[in-house]
Amino acid sequence: MDTTAQPRTELDLELVTTAYLSDQLPAIDAPQIALAGRSNVGKSTLVNCLAGRKALAKISATPGKTRSLNFYQSHAAGYCLVDLPGYGYARCSMEERAKWGKLIEAYLRKTDRLRAVAALVDCRLPPQRLDVELVDWLRSRRIPLILVLTKSDKCSQRDRESRKKEWRDLAHPAFPPVLFSGKTGLGREALCRILAEAAFNPGETPPVP
Ligand SMILES: Nc1nc2c(ncn2[C@@H]2O[C@H](COP(=O)(O)OP(=O)(O)OP(=O)(O)O)[C@@H](O)[C@H]2O)c(=O)[nH]1
Ligand SMILES: [Mg+2]
């Protein structure tokens, strides 16, 4: 595949499968990039924005919408995006939260085709404990990290830049943090390039400090 070509305007993402339990995790041959982040941060919106579709992934203003792992494959780009259930959603039972946690961890541990995790964080907020924990866990497992600052349409230019710097200093991500908006499409092209690079040219993972 020629990754130097201009990114397509729309990714031909197609939902190939859904997993609610760890024994339902599919064996997909394509490189995979998982989308992780707090409930409501905009993971499913990002899938729709990249696909140029409104309702490929279900989105909701109520946190906790995505409750399964959803595998979206792009045949043209040759990789798969995995929309994970969000974490930090308070209004579900402990039992349900433990079940999701196990499912996500089973996926991240087991998948040998995982090439990177795109960690989505809210551009309006300073780094939150749960987000920092995710980043630390990924680093400890040497999983390349793509930081995506979502909802940046709701931030001033000044806040965007300082948030980007905060995250760069804190997380040493494998790829530069991307300012993104599912509403305006800001950062969409940059993210497409980074996803293709992460999927096919993973390069060196920065050392764990
Ligand atoms: N203004 C703005 N709103 C956004 C953006 N991204 C997501 N939203 C809104 O935030 C809400 C949550 O978006 P989702 O994409 O469902 O979030 P999610 O991370 O998939 O949430 P879970 O499935 O609960 O984990 C929806 O009301 C979206 O319209 C963005 O970039 N800008
Ligand atoms: Mg979702």
# chains A, B, ... in the order shown; residues from 1 in each chain; ligands from 1
call {"tool": "closest_atom_pairs", "arguments": {"of": "range 30-136 of chain A", "to": "range 15-19 of chain A", "cutoff": "6 Å", "atoms": "only C-alpha atoms", "output": "Markdown table"}}
result
| residue | atom | partner | partner_atom | distance |
| --- | --- | --- | --- | --- |
| A:Ser68 | CA | A:Ala19 | CA | 5.5 |
| A:Leu69 | CA | A:Ala19 | CA | 5.1 |
| A:Asn70 | CA | A:Thr18 | CA | 4.6 |
| A:Phe71 | CA | A:Thr17 | CA | 5.4 |
| A:Tyr72 | CA | A:Leu15 | CA | 4.4 |
call {"tool": "residues_around", "arguments": {"residues": "range 40-47 of chain A", "least_positions_apart": "3", "cutoff": "6 Å", "atoms": "only C-alpha atoms", "output": "number ranges by chain"}}
result
A: 50, 57, 59, 63, 122, 182
call {"tool": "write_last_selection", "arguments": {"atoms": "all heavy atoms", "output": "PDB file, in the first residue's frame"}}
result
ATOM      1  N   LEU A  50     -14.436  10.490  10.212  1.00  0.00           N
ATOM      2  CA  LEU A  50     -13.474   9.935   9.251  1.00  0.00           C
ATOM      3  C   LEU A  50     -14.190   9.274   8.077  1.00  0.00           C
ATOM      4  O   LEU A  50     -13.726   9.328   6.940  1.00  0.00           O
ATOM      5  CB  LEU A  50     -12.547   8.917   9.925  1.00  0.00           C
ATOM      6  CG  LEU A  50     -11.598   9.459  11.000  1.00  0.00           C
ATOM      7  CD1 LEU A  50     -10.673   8.358  11.490  1.00  0.00           C
ATOM      8  CD2 LEU A  50     -10.779  10.641  10.498  1.00  0.00           C
ATOM      9  N   ALA A  57     -21.389   4.905  13.352  1.00  0.00           N
ATOM     10  CA  ALA A  57     -21.277   4.544  14.773  1.00  0.00           C
ATOM     11  C   ALA A  57     -22.350   5.321  15.524  1.00  0.00           C
ATOM     12  O   ALA A  57     -22.591   6.491  15.209  1.00  0.00           O
ATOM     13  CB  ALA A  57     -19.894   4.923  15.290  1.00  0.00           C
ATOM     14  N   ILE A  59     -23.909   7.554  18.199  1.00  0.00           N
ATOM     15  CA  ILE A  59     -23.412   8.548  19.159  1.00  0.00           C
ATOM     16  C   ILE A  59     -24.577   9.015  20.027  1.00  0.00           C
ATOM     17  O   ILE A  59     -25.737   8.853  19.660  1.00  0.00           O
ATOM     18  CB  ILE A  59     -22.746   9.756  18.457  1.00  0.00           C
ATOM     19  CG1 ILE A  59     -23.761  10.543  17.632  1.00  0.00           C
ATOM     20  CG2 ILE A  59     -21.602   9.335  17.594  1.00  0.00           C
ATOM     21  CD1 ILE A  59     -23.265  11.909  17.288  1.00  0.00           C
ATOM     22  N   PRO A  63     -23.607   9.751  28.243  1.00  0.00           N
ATOM     23  CA  PRO A  63     -22.426   8.893  28.285  1.00  0.00           C
ATOM     24  C   PRO A  63     -22.798   7.416  28.390  1.00  0.00           C
ATOM     25  O   PRO A  63     -23.858   7.072  28.905  1.00  0.00           O
ATOM     26  CB  PRO A  63     -21.701   9.343  29.569  1.00  0.00           C
ATOM     27  CG  PRO A  63     -22.281  10.648  29.930  1.00  0.00           C
ATOM     28  CD  PRO A  63     -23.660  10.693  29.371  1.00  0.00           C
ATOM     29  N   ASP A 122     -10.490  15.192  26.237  1.00  0.00           N
ATOM     30  CA  ASP A 122     -11.289  16.398  26.000  1.00  0.00           C
ATOM     31  C   ASP A 122     -10.387  17.625  26.050  1.00  0.00           C
ATOM     32  O   ASP A 122      -9.745  17.898  27.071  1.00  0.00           O
ATOM     33  CB  ASP A 122     -12.386  16.472  27.082  1.00  0.00           C
ATOM     34  CG  ASP A 122     -13.438  17.520  26.769  1.00  0.00           C
ATOM     35  OD1 ASP A 122     -13.086  18.585  26.212  1.00  0.00           O
ATOM     36  OD2 ASP A 122     -14.615  17.273  27.088  1.00  0.00           O
ATOM     37  N   GLY A 182     -14.875  16.694  15.685  1.00  0.00           N
ATOM     38  CA  GLY A 182     -15.814  15.920  14.873  1.00  0.00           C
ATOM     39  C   GLY A 182     -16.885  16.831  14.286  1.00  0.00           C
ATOM     40  O   GLY A 182     -17.592  16.444  13.360  1.00  0.00           O
TER      41      GLY A 182
END
call {"tool": "select_by_dssp", "arguments": {"residues": "range 73-132 of chain A", "states": "strand (DSSP E or B)", "output": "list in words"}}
result
Gln73, Ser74, Tyr79, Cys80, Leu81, Val82, Asp83, Tyr87, Leu114, Arg115, Ala116, Val117, Ala118, Ala119, Leu120, Val121 and Asp122 of chain A
call {"tool": "residues_around", "arguments": {"residues": "Leu120 in chain A", "least_positions_apart": "4", "cutoff": "6 Å", "atoms": "only C-alpha atoms", "output": "PDB file with all heavy atoms, in the first residue's frame"}}
result
ATOM      1  N   GLY A  37     -10.918   6.136  25.461  1.00  0.00           N
ATOM      2  CA  GLY A  37     -11.130   7.424  26.119  1.00  0.00           C
ATOM      3  C   GLY A  37     -12.385   7.388  26.963  1.00  0.00           C
ATOM      4  O   GLY A  37     -13.177   6.449  26.884  1.00  0.00           O
ATOM      5  N   VAL A 148      -5.358  12.338  20.863  1.00  0.00           N
ATOM      6  CA  VAL A 148      -6.298  13.128  20.059  1.00  0.00           C
ATOM      7  C   VAL A 148      -7.083  14.028  21.005  1.00  0.00           C
ATOM      8  O   VAL A 148      -7.750  13.538  21.924  1.00  0.00           O
ATOM      9  CB  VAL A 148      -7.261  12.209  19.273  1.00  0.00           C
ATOM     10  CG1 VAL A 148      -8.195  13.049  18.415  1.00  0.00           C
ATOM     11  CG2 VAL A 148      -6.482  11.221  18.410  1.00  0.00           C
ATOM     12  N   LEU A 149      -6.959  15.333  20.810  1.00  0.00           N
ATOM     13  CA  LEU A 149      -7.661  16.291  21.666  1.00  0.00           C
ATOM     14  C   LEU A 149      -8.984  16.648  21.013  1.00  0.00           C
ATOM     15  O   LEU A 149      -9.016  17.396  20.020  1.00  0.00           O
ATOM     16  CB  LEU A 149      -6.795  17.541  21.884  1.00  0.00           C
ATOM     17  CG  LEU A 149      -5.656  17.364  22.885  1.00  0.00           C
ATOM     18  CD1 LEU A 149      -4.510  16.586  22.302  1.00  0.00           C
ATOM     19  CD2 LEU A 149      -5.157  18.718  23.358  1.00  0.00           C
TER      20      LEU A 149
END
call {"tool": "residues_around", "arguments": {"residues": "range 184-189 of chain A", "least_positions_apart": "2", "cutoff": "9 Å", "atoms": "only C-alpha atoms", "output": "list in words"}}
result
Pro7, Arg8, Thr9, Leu46, Cys49, Leu50, Ser152, Asp153, Val178, Leu179, Phe180, Ser181, Gly182, Leu191, Cys192, Arg193 and Ile194 of chain A
call {"tool": "atom_distance", "arguments": {"atom1": "CA of Ala51 in chain A", "atom2": "CA of Gly101 in chain A"}}
result
27.2 Å
call {"tool": "atom_distance", "arguments": {"atom1": "CA of Val121 in chain A", "atom2": "CA of Arg142 in chain A"}}
result
19.5 Å
call {"tool": "closest_residue", "arguments": {"among": "A:Ala36, A:Pro85, A:Pro26, A:Arg53", "to": "ligand 2", "atoms": "only C-alpha atoms and all ligand atoms"}}
result
A:Pro85
call {"tool": "residues_around", "arguments": {"residues": "Phe175 in chain A", "least_positions_apart": "6", "cutoff": "12 Å", "atoms": "only C-alpha atoms", "output": "MDAnalysis selection string"}}
result
chainID A and resid 116:119 143:148 167:168 190:191 193:198 201:206
call {"tool": "closest_residue", "arguments": {"among": "A:Gln73, A:Asn48, A:Ser156, A:Ser39", "to": "ligand 2", "atoms": "only C-alpha atoms and all ligand atoms"}}
result
A:Ser39
call {"tool": "closest_residue", "arguments": {"among": "A:Gly78, A:Pro31, A:Gly88, A:Gly64", "to": "Glu133 in chain A", "atoms": "only C-alpha atoms"}}
result
A:Gly88
call {"tool": "closest_residue", "arguments": {"among": "A:Lys99, A:Ala61, A:Lys54, A:Lys110", "to": "Ala27 in chain A", "atoms": "only C-alpha atoms"}}
result
A:Lys110
call {"tool": "atom_distance", "arguments": {"atom1": "CA of Ser60 in chain A", "atom2": "CA of Arg113 in chain A"}}
result
29.3 Å
call {"tool": "closest_residue", "arguments": {"among": "A:Phe200, A:Tyr87, A:Trp137, A:Tyr107", "to": "ligand 2", "atoms": "only C-alpha atoms and all ligand atoms"}}
result
A:Tyr87
call {"tool": "select_by_dssp", "arguments": {"residues": "range 30-61 of chain A", "states": "alpha helix (DSSP H)", "output": "PyMOL selection string"}}
result
chain A and resi 43-51
